[in-house]
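run.cif, holding mmCIF, N, CA and C atoms:
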```cif
data_upload
loop_
_atom_site.label_atom_id
_atom_site.label_comp_id
_atom_site.auth_asym_id
_atom_site.auth_seq_id
_atom_site.Cartn_x
_atom_site.Cartn_y
_atom_site.Cartn_z
N MET W 1 39.69 48.18 4.32
CA MET W 1 38.98 46.93 4.53
C MET W 1 37.87 46.75 3.49
N ARG W 2 37.16 47.84 3.23
CA ARG W 2 36.07 47.77 2.25
C ARG W 2 36.62 47.41 0.87
N THR W 3 37.78 47.95 0.51
CA THR W 3 38.41 47.67 -0.78
C THR W 3 38.75 46.19 -0.92
N ILE W 4 39.21 45.58 0.16
CA ILE W 4 39.54 44.15 0.13
C ILE W 4 38.28 43.33 -0.11
N LYS W 5 37.19 43.69 0.54
CA LYS W 5 35.92 42.97 0.35
C LYS W 5 35.43 43.09 -1.09
N VAL W 6 35.54 44.29 -1.63
CA VAL W 6 35.10 44.52 -3.02
C VAL W 6 35.96 43.71 -3.98
N LEU W 7 37.27 43.74 -3.78
CA LEU W 7 38.17 42.98 -4.66
C LEU W 7 37.94 41.48 -4.54
N THR W 8 37.70 40.99 -3.33
CA THR W 8 37.43 39.57 -3.12
C THR W 8 36.15 39.17 -3.83
N THR W 9 35.11 39.97 -3.68
CA THR W 9 33.84 39.69 -4.35
C THR W 9 34.00 39.70 -5.86
N LEU W 10 34.73 40.67 -6.37
CA LEU W 10 34.98 40.76 -7.81
C LEU W 10 35.72 39.54 -8.32
N CYS W 11 36.74 39.10 -7.61
CA CYS W 11 37.51 37.92 -8.00
C CYS W 11 36.65 36.66 -7.99
N LEU W 12 35.85 36.50 -6.96
CA LEU W 12 34.99 35.31 -6.86
C LEU W 12 33.95 35.31 -7.97
N THR W 13 33.39 36.47 -8.27
CA THR W 13 32.40 36.57 -9.34
C THR W 13 33.03 36.23 -10.69
N THR W 14 34.22 36.74 -10.93
CA THR W 14 34.92 36.46 -12.18
C THR W 14 35.24 34.98 -12.30
N PHE W 15 35.71 34.38 -11.21
CA PHE W 15 36.02 32.95 -11.22
C PHE W 15 34.76 32.12 -11.48
N ALA W 16 33.65 32.49 -10.86
CA ALA W 16 32.40 31.75 -11.06
C ALA W 16 31.95 31.84 -12.51
N ALA W 17 32.08 33.01 -13.11
CA ALA W 17 31.68 33.17 -14.51
C ALA W 17 32.58 32.36 -15.42
N MET W 18 33.86 32.29 -15.10
CA MET W 18 34.80 31.55 -15.93
C MET W 18 34.62 30.04 -15.79
N SER W 19 34.04 29.58 -14.68
CA SER W 19 33.91 28.15 -14.45
C SER W 19 32.86 27.52 -15.36
N PHE W 20 31.99 28.34 -15.94
CA PHE W 20 31.01 27.81 -16.86
C PHE W 20 31.56 27.87 -18.28
N ALA W 21 32.00 26.76 -18.75
CA ALA W 21 32.60 26.68 -20.08
C ALA W 21 31.51 26.43 -21.12
N GLU W 22 31.87 26.63 -22.36
CA GLU W 22 30.95 26.30 -23.44
C GLU W 22 30.76 24.79 -23.48
N VAL W 23 29.57 24.38 -23.87
CA VAL W 23 29.25 22.97 -24.00
C VAL W 23 28.94 22.72 -25.47
N SER W 24 29.59 21.72 -26.06
CA SER W 24 29.37 21.36 -27.46
C SER W 24 28.58 20.07 -27.56
N VAL W 25 27.52 20.10 -28.36
CA VAL W 25 26.74 18.90 -28.63
C VAL W 25 27.42 18.23 -29.81
N ILE W 26 27.69 16.92 -29.67
CA ILE W 26 28.48 16.21 -30.67
C ILE W 26 27.78 14.98 -31.21
N VAL W 27 28.11 14.66 -32.46
CA VAL W 27 27.65 13.45 -33.13
C VAL W 27 28.83 12.84 -33.88
N HIS W 28 28.61 11.68 -34.44
CA HIS W 28 29.63 11.01 -35.26
C HIS W 28 29.86 11.86 -36.52
N PRO W 29 31.10 11.94 -37.01
CA PRO W 29 31.38 12.74 -38.20
C PRO W 29 30.57 12.34 -39.44
N SER W 30 30.15 11.10 -39.52
CA SER W 30 29.38 10.66 -40.69
C SER W 30 27.89 10.99 -40.59
N ASN W 31 27.46 11.48 -39.45
CA ASN W 31 26.05 11.81 -39.25
C ASN W 31 25.72 13.08 -40.03
N ALA W 32 24.91 12.95 -41.07
CA ALA W 32 24.59 14.08 -41.94
C ALA W 32 23.24 14.70 -41.60
N ALA W 33 22.63 14.28 -40.52
CA ALA W 33 21.32 14.80 -40.13
C ALA W 33 21.42 16.27 -39.74
N THR W 34 20.31 16.98 -39.93
CA THR W 34 20.22 18.36 -39.46
C THR W 34 19.84 18.30 -37.99
N VAL W 35 20.69 18.87 -37.15
CA VAL W 35 20.47 18.82 -35.71
C VAL W 35 20.49 20.24 -35.17
N ASP W 36 19.30 20.80 -34.93
CA ASP W 36 19.21 22.13 -34.35
C ASP W 36 18.86 22.04 -32.87
N ALA W 37 18.75 23.18 -32.21
CA ALA W 37 18.50 23.21 -30.77
C ALA W 37 17.19 22.52 -30.41
N THR W 38 16.17 22.68 -31.23
CA THR W 38 14.88 22.04 -30.95
C THR W 38 15.00 20.53 -31.05
N ALA W 39 15.69 20.04 -32.06
CA ALA W 39 15.87 18.59 -32.22
C ALA W 39 16.66 18.03 -31.04
N ILE W 40 17.69 18.74 -30.61
CA ILE W 40 18.50 18.28 -29.48
C ILE W 40 17.62 18.17 -28.24
N GLU W 41 16.84 19.19 -27.97
CA GLU W 41 15.95 19.19 -26.81
C GLU W 41 14.98 18.00 -26.88
N ARG W 42 14.36 17.79 -28.02
CA ARG W 42 13.39 16.70 -28.17
C ARG W 42 14.05 15.33 -28.01
N ILE W 43 15.25 15.18 -28.54
CA ILE W 43 15.96 13.89 -28.42
C ILE W 43 16.33 13.63 -26.96
N PHE W 44 16.88 14.63 -26.27
CA PHE W 44 17.31 14.42 -24.89
C PHE W 44 16.15 14.33 -23.90
N LEU W 45 14.96 14.76 -24.30
CA LEU W 45 13.78 14.61 -23.44
C LEU W 45 12.96 13.38 -23.81
N GLY W 46 13.47 12.59 -24.75
CA GLY W 46 12.79 11.35 -25.12
C GLY W 46 11.56 11.55 -25.99
N LYS W 47 11.39 12.74 -26.54
CA LYS W 47 10.23 13.04 -27.37
C LYS W 47 10.47 12.69 -28.83
N GLU W 48 11.72 12.51 -29.19
CA GLU W 48 12.12 12.17 -30.56
C GLU W 48 13.10 11.02 -30.48
N LYS W 49 12.90 10.00 -31.30
CA LYS W 49 13.74 8.80 -31.26
C LYS W 49 14.68 8.69 -32.44
N SER W 50 14.59 9.63 -33.40
CA SER W 50 15.45 9.54 -34.57
C SER W 50 15.90 10.93 -35.02
N PHE W 51 16.99 10.93 -35.79
CA PHE W 51 17.50 12.16 -36.38
C PHE W 51 16.64 12.53 -37.58
N SER W 52 16.86 13.72 -38.12
CA SER W 52 16.07 14.20 -39.26
C SER W 52 16.22 13.31 -40.49
N ASN W 53 17.32 12.58 -40.59
CA ASN W 53 17.52 11.70 -41.74
C ASN W 53 16.92 10.31 -41.54
N GLY W 54 16.24 10.10 -40.40
CA GLY W 54 15.58 8.83 -40.14
C GLY W 54 16.38 7.83 -39.34
N SER W 55 17.67 8.06 -39.16
CA SER W 55 18.47 7.12 -38.38
C SER W 55 18.18 7.29 -36.89
N LYS W 56 18.34 6.20 -36.16
CA LYS W 56 18.05 6.19 -34.73
C LYS W 56 18.94 7.18 -33.99
N ALA W 57 18.37 7.89 -33.01
CA ALA W 57 19.11 8.83 -32.18
C ALA W 57 19.17 8.30 -30.76
N VAL W 58 20.38 8.12 -30.25
CA VAL W 58 20.58 7.62 -28.89
C VAL W 58 21.30 8.69 -28.07
N PRO W 59 20.56 9.39 -27.20
CA PRO W 59 21.20 10.43 -26.39
C PRO W 59 21.98 9.83 -25.22
N VAL W 60 23.11 10.45 -24.91
CA VAL W 60 23.92 10.05 -23.76
C VAL W 60 24.28 11.32 -22.99
N ASN W 61 24.01 11.32 -21.68
CA ASN W 61 24.33 12.44 -20.81
C ASN W 61 25.72 12.30 -20.22
N LEU W 62 26.30 13.43 -19.85
CA LEU W 62 27.49 13.38 -19.03
C LEU W 62 27.07 12.92 -17.63
N GLU W 63 28.03 12.45 -16.86
CA GLU W 63 27.76 12.02 -15.50
C GLU W 63 27.12 13.16 -14.71
N SER W 64 26.27 12.82 -13.76
CA SER W 64 25.55 13.85 -13.00
C SER W 64 26.49 14.76 -12.21
N SER W 65 27.70 14.32 -11.93
CA SER W 65 28.65 15.14 -11.18
C SER W 65 29.37 16.17 -12.07
N ALA W 66 29.22 16.07 -13.37
CA ALA W 66 29.90 16.99 -14.29
C ALA W 66 29.21 18.35 -14.32
N ALA W 67 29.97 19.41 -14.14
CA ALA W 67 29.41 20.77 -14.16
C ALA W 67 28.78 21.07 -15.52
N GLU W 68 29.34 20.51 -16.57
CA GLU W 68 28.81 20.76 -17.91
C GLU W 68 27.42 20.17 -18.11
N ARG W 69 27.09 19.17 -17.32
CA ARG W 69 25.75 18.60 -17.43
C ARG W 69 24.70 19.62 -17.01
N GLU W 70 24.92 20.28 -15.90
CA GLU W 70 23.96 21.30 -15.46
C GLU W 70 23.91 22.44 -16.47
N GLU W 71 25.07 22.79 -17.01
CA GLU W 71 25.14 23.83 -18.04
C GLU W 71 24.28 23.43 -19.25
N PHE W 72 24.41 22.19 -19.70
CA PHE W 72 23.64 21.68 -20.83
C PHE W 72 22.14 21.69 -20.50
N GLU W 73 21.81 21.19 -19.32
CA GLU W 73 20.39 21.09 -18.94
C GLU W 73 19.72 22.46 -18.87
N THR W 74 20.42 23.45 -18.33
CA THR W 74 19.81 24.77 -18.20
C THR W 74 19.82 25.56 -19.51
N LYS W 75 20.91 25.47 -20.26
CA LYS W 75 21.01 26.28 -21.48
C LYS W 75 20.39 25.64 -22.71
N VAL W 76 20.46 24.32 -22.82
CA VAL W 76 19.94 23.65 -24.01
C VAL W 76 18.54 23.09 -23.78
N LEU W 77 18.35 22.43 -22.65
CA LEU W 77 17.04 21.82 -22.37
C LEU W 77 16.10 22.79 -21.65
N ASP W 78 16.63 23.91 -21.19
CA ASP W 78 15.85 24.93 -20.50
C ASP W 78 15.14 24.39 -19.26
N LYS W 79 15.85 23.50 -18.53
CA LYS W 79 15.30 22.91 -17.31
C LYS W 79 16.39 22.84 -16.25
N SER W 80 15.97 22.97 -15.01
CA SER W 80 16.91 22.82 -13.90
C SER W 80 17.10 21.33 -13.65
N PRO W 81 18.17 20.95 -12.94
CA PRO W 81 18.35 19.54 -12.60
C PRO W 81 17.15 18.96 -11.85
N ALA W 82 16.55 19.75 -10.96
CA ALA W 82 15.37 19.27 -10.21
C ALA W 82 14.18 19.04 -11.15
N GLN W 83 13.99 19.93 -12.10
CA GLN W 83 12.89 19.76 -13.06
C GLN W 83 13.09 18.51 -13.91
N LEU W 84 14.34 18.26 -14.33
CA LEU W 84 14.62 17.07 -15.13
C LEU W 84 14.43 15.80 -14.33
N LYS W 85 14.82 15.83 -13.07
CA LYS W 85 14.65 14.66 -12.22
C LYS W 85 13.16 14.32 -12.09
N ALA W 86 12.34 15.33 -11.87
CA ALA W 86 10.89 15.13 -11.77
C ALA W 86 10.32 14.64 -13.10
N TYR W 87 10.78 15.22 -14.20
CA TYR W 87 10.32 14.84 -15.55
C TYR W 87 10.59 13.36 -15.81
N TRP W 88 11.85 12.94 -15.57
CA TRP W 88 12.20 11.55 -15.84
C TRP W 88 11.55 10.59 -14.84
N SER W 89 11.39 11.00 -13.61
CA SER W 89 10.72 10.14 -12.62
C SER W 89 9.31 9.81 -13.09
N LYS W 90 8.61 10.81 -13.58
CA LYS W 90 7.24 10.61 -14.07
C LYS W 90 7.22 9.66 -15.28
N LEU W 91 8.10 9.90 -16.23
CA LEU W 91 8.12 9.04 -17.44
C LEU W 91 8.51 7.61 -17.10
N ILE W 92 9.48 7.45 -16.23
CA ILE W 92 9.93 6.11 -15.86
C ILE W 92 8.83 5.39 -15.08
N PHE W 93 8.18 6.08 -14.15
CA PHE W 93 7.11 5.48 -13.33
C PHE W 93 5.94 5.02 -14.19
N THR W 94 5.60 5.80 -15.22
CA THR W 94 4.47 5.45 -16.08
C THR W 94 4.87 4.49 -17.21
N GLY W 95 6.16 4.18 -17.30
CA GLY W 95 6.62 3.27 -18.35
C GLY W 95 6.70 3.91 -19.72
N LYS W 96 6.74 5.24 -19.78
CA LYS W 96 6.73 5.94 -21.06
C LYS W 96 8.10 6.43 -21.50
N GLY W 97 9.14 6.12 -20.73
CA GLY W 97 10.45 6.60 -21.13
C GLY W 97 11.57 5.99 -20.33
N THR W 98 12.76 6.10 -20.88
CA THR W 98 13.98 5.65 -20.22
C THR W 98 14.98 6.78 -20.28
N GLN W 99 15.52 7.12 -19.13
CA GLN W 99 16.50 8.20 -19.05
C GLN W 99 17.76 7.82 -19.83
N PRO W 100 18.38 8.81 -20.50
CA PRO W 100 19.61 8.51 -21.24
C PRO W 100 20.71 7.96 -20.33
N ALA W 101 21.56 7.14 -20.92
CA ALA W 101 22.72 6.59 -20.20
C ALA W 101 23.67 7.74 -19.87
N GLU W 102 24.63 7.48 -19.00
CA GLU W 102 25.61 8.49 -18.61
C GLU W 102 27.02 8.04 -18.97
N ALA W 103 27.89 9.02 -19.19
CA ALA W 103 29.29 8.72 -19.52
C ALA W 103 30.17 9.86 -19.04
N SER W 104 31.44 9.56 -18.85
CA SER W 104 32.42 10.61 -18.55
C SER W 104 32.75 11.32 -19.86
N VAL W 105 33.52 12.39 -19.78
CA VAL W 105 33.89 13.13 -20.99
C VAL W 105 34.66 12.23 -21.96
N SER W 106 35.65 11.51 -21.45
CA SER W 106 36.45 10.65 -22.34
C SER W 106 35.60 9.51 -22.91
N GLU W 107 34.72 8.95 -22.10
CA GLU W 107 33.82 7.90 -22.59
C GLU W 107 32.88 8.45 -23.66
N MET W 108 32.42 9.70 -23.47
CA MET W 108 31.50 10.32 -24.42
C MET W 108 32.17 10.46 -25.79
N ILE W 109 33.40 10.94 -25.81
CA ILE W 109 34.13 11.08 -27.08
C ILE W 109 34.25 9.71 -27.75
N GLU W 110 34.60 8.70 -26.98
CA GLU W 110 34.76 7.34 -27.51
C GLU W 110 33.44 6.80 -28.05
N LEU W 111 32.36 6.96 -27.28
CA LEU W 111 31.05 6.45 -27.71
C LEU W 111 30.58 7.11 -28.99
N VAL W 112 30.64 8.44 -29.02
CA VAL W 112 30.16 9.18 -30.20
C VAL W 112 31.02 8.90 -31.42
N SER W 113 32.32 8.81 -31.23
CA SER W 113 33.22 8.59 -32.38
C SER W 113 33.11 7.17 -32.93
N SER W 114 32.51 6.26 -32.17
CA SER W 114 32.41 4.87 -32.63
C SER W 114 30.99 4.46 -33.01
N ASN W 115 29.99 5.35 -32.84
CA ASN W 115 28.62 4.98 -33.14
C ASN W 115 27.86 6.17 -33.74
N PRO W 116 27.45 6.07 -35.01
CA PRO W 116 26.76 7.18 -35.68
C PRO W 116 25.39 7.51 -35.10
N ASN W 117 24.84 6.65 -34.26
CA ASN W 117 23.52 6.91 -33.68
C ASN W 117 23.57 7.70 -32.38
N ILE W 118 24.72 7.82 -31.77
CA ILE W 118 24.81 8.48 -30.47
C ILE W 118 24.98 9.99 -30.62
N ILE W 119 24.28 10.70 -29.76
CA ILE W 119 24.42 12.15 -29.65
C ILE W 119 24.73 12.45 -28.19
N GLY W 120 25.71 13.30 -27.97
CA GLY W 120 26.11 13.63 -26.61
C GLY W 120 26.62 15.05 -26.55
N TYR W 121 27.25 15.38 -25.45
CA TYR W 121 27.80 16.72 -25.29
C TYR W 121 29.01 16.65 -24.36
N VAL W 122 29.93 17.56 -24.58
CA VAL W 122 31.17 17.63 -23.80
C VAL W 122 31.56 19.10 -23.67
N PRO W 123 32.48 19.41 -22.75
CA PRO W 123 33.01 20.77 -22.74
C PRO W 123 33.66 21.05 -24.09
N SER W 124 33.47 22.23 -24.61
CA SER W 124 34.03 22.56 -25.93
C SER W 124 35.54 22.34 -25.98
N SER W 125 36.21 22.50 -24.88
CA SER W 125 37.66 22.31 -24.84
C SER W 125 38.05 20.84 -25.02
N ALA W 126 37.10 19.91 -24.86
CA ALA W 126 37.40 18.48 -24.98
C ALA W 126 37.11 17.92 -26.37
N VAL W 127 36.56 18.73 -27.27
CA VAL W 127 36.21 18.26 -28.61
C VAL W 127 37.47 17.87 -29.38
N THR W 128 37.39 16.73 -30.07
CA THR W 128 38.49 16.27 -30.92
C THR W 128 37.98 16.14 -32.35
N ASP W 129 38.87 15.83 -33.27
CA ASP W 129 38.45 15.65 -34.65
C ASP W 129 37.76 14.30 -34.88
N ALA W 130 37.61 13.51 -33.83
CA ALA W 130 36.91 12.23 -33.93
C ALA W 130 35.40 12.39 -33.87
N VAL W 131 34.94 13.62 -33.56
CA VAL W 131 33.50 13.89 -33.46
C VAL W 131 33.16 15.16 -34.23
N LYS W 132 31.87 15.38 -34.45
CA LYS W 132 31.41 16.58 -35.15
C LYS W 132 30.52 17.39 -34.21
N VAL W 133 30.79 18.68 -34.09
CA VAL W 133 29.99 19.57 -33.26
C VAL W 133 28.79 20.06 -34.08
N VAL W 134 27.58 19.88 -33.51
CA VAL W 134 26.37 20.32 -34.20
C VAL W 134 25.69 21.50 -33.52
N HIS W 135 26.13 21.79 -32.29
CA HIS W 135 25.54 22.91 -31.56
C HIS W 135 26.47 23.28 -30.41
N THR W 136 26.58 24.57 -30.12
CA THR W 136 27.38 25.02 -28.99
C THR W 136 26.53 25.90 -28.10
N ALA W 137 26.45 25.54 -26.83
CA ALA W 137 25.71 26.34 -25.85
C ALA W 137 26.69 27.25 -25.14
N LYS W 138 26.43 28.53 -25.17
CA LYS W 138 27.35 29.50 -24.55
C LYS W 138 26.73 30.10 -23.33
#
```
Structure re-expressed in structure tokens:
Amino acid sequence: MRTIKVLTTLCLTTFAAMSFAEVSVIVHPSNAATVDATAIERIFLGKEKSFSNGSKAVPVNLESSAAEREEFETKVLDKSPAQLKAYWSKLIFTGKGTQPAEASVSEMIELVSSNPNIIGYVPSSAVTDAVKVVHTAK
């Protein structure tokens, strides 16, 4: 009986670890700006409004129901979903910021591939040649 419990726990732990996929931050292929982890964080927190080359930066989040969104928020922005909710509530209430729009994975690929100003993120497995990966969160 103990062996079954150990094996079940091991399987569940392995499955949980596998459920967190890599998240790729993407931009339009023509975007030649330097985009590092710090720039991504500043853009998605509304602290930076343009890319390093001076062009406008428009961040777009995955839908709140997407597991990759929490992965992005914790690994790239270094904030929990609750911390981000409080952060944006404060900025919106004071009139100092607007939370990024949301999109599904397929919408994100379409938006980024059609607009050089948009920066977003998708599961690494969803990346196509229509977009350019500038950062991968593991």
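Candidate residues W:Thr128, W:Ser80, W:Thr94, W:Ser30 were compared for distance to W:Glu110, and the nearest is W:Thr128, using only C-alpha atoms.
Of the residues under consideration (W:Val112, W:Ala67, W:Val127, W:Ile92), W:Ala67 shows the shortest atom-to-atom contact distance to W:Ala21 when counting all atoms listed in the file.
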(message) Please return, as an MDAnalysis selection string, all residues of stretch 64-138 of chain W that DSSP assigns to alpha helix (DSSP H) on the basis of the backbone.
(response) chainID W and resid 67:75 81:94 105:114
(message) So, with only C-alpha atoms as the atoms that count, which of W:Ile119, W:Leu91, W:Ala101, W:Ala126 lies closest to W:Ala33?
(response)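 Of W:Ile119, W:Leu91, W:Ala101, W:Ala126, the one nearest W:Ala33, counting only C-alpha atoms, is W:Ile119.
Here atom N of W:Lys47 stands at a distance of 22.2 Å from atom C of W:Ser114.
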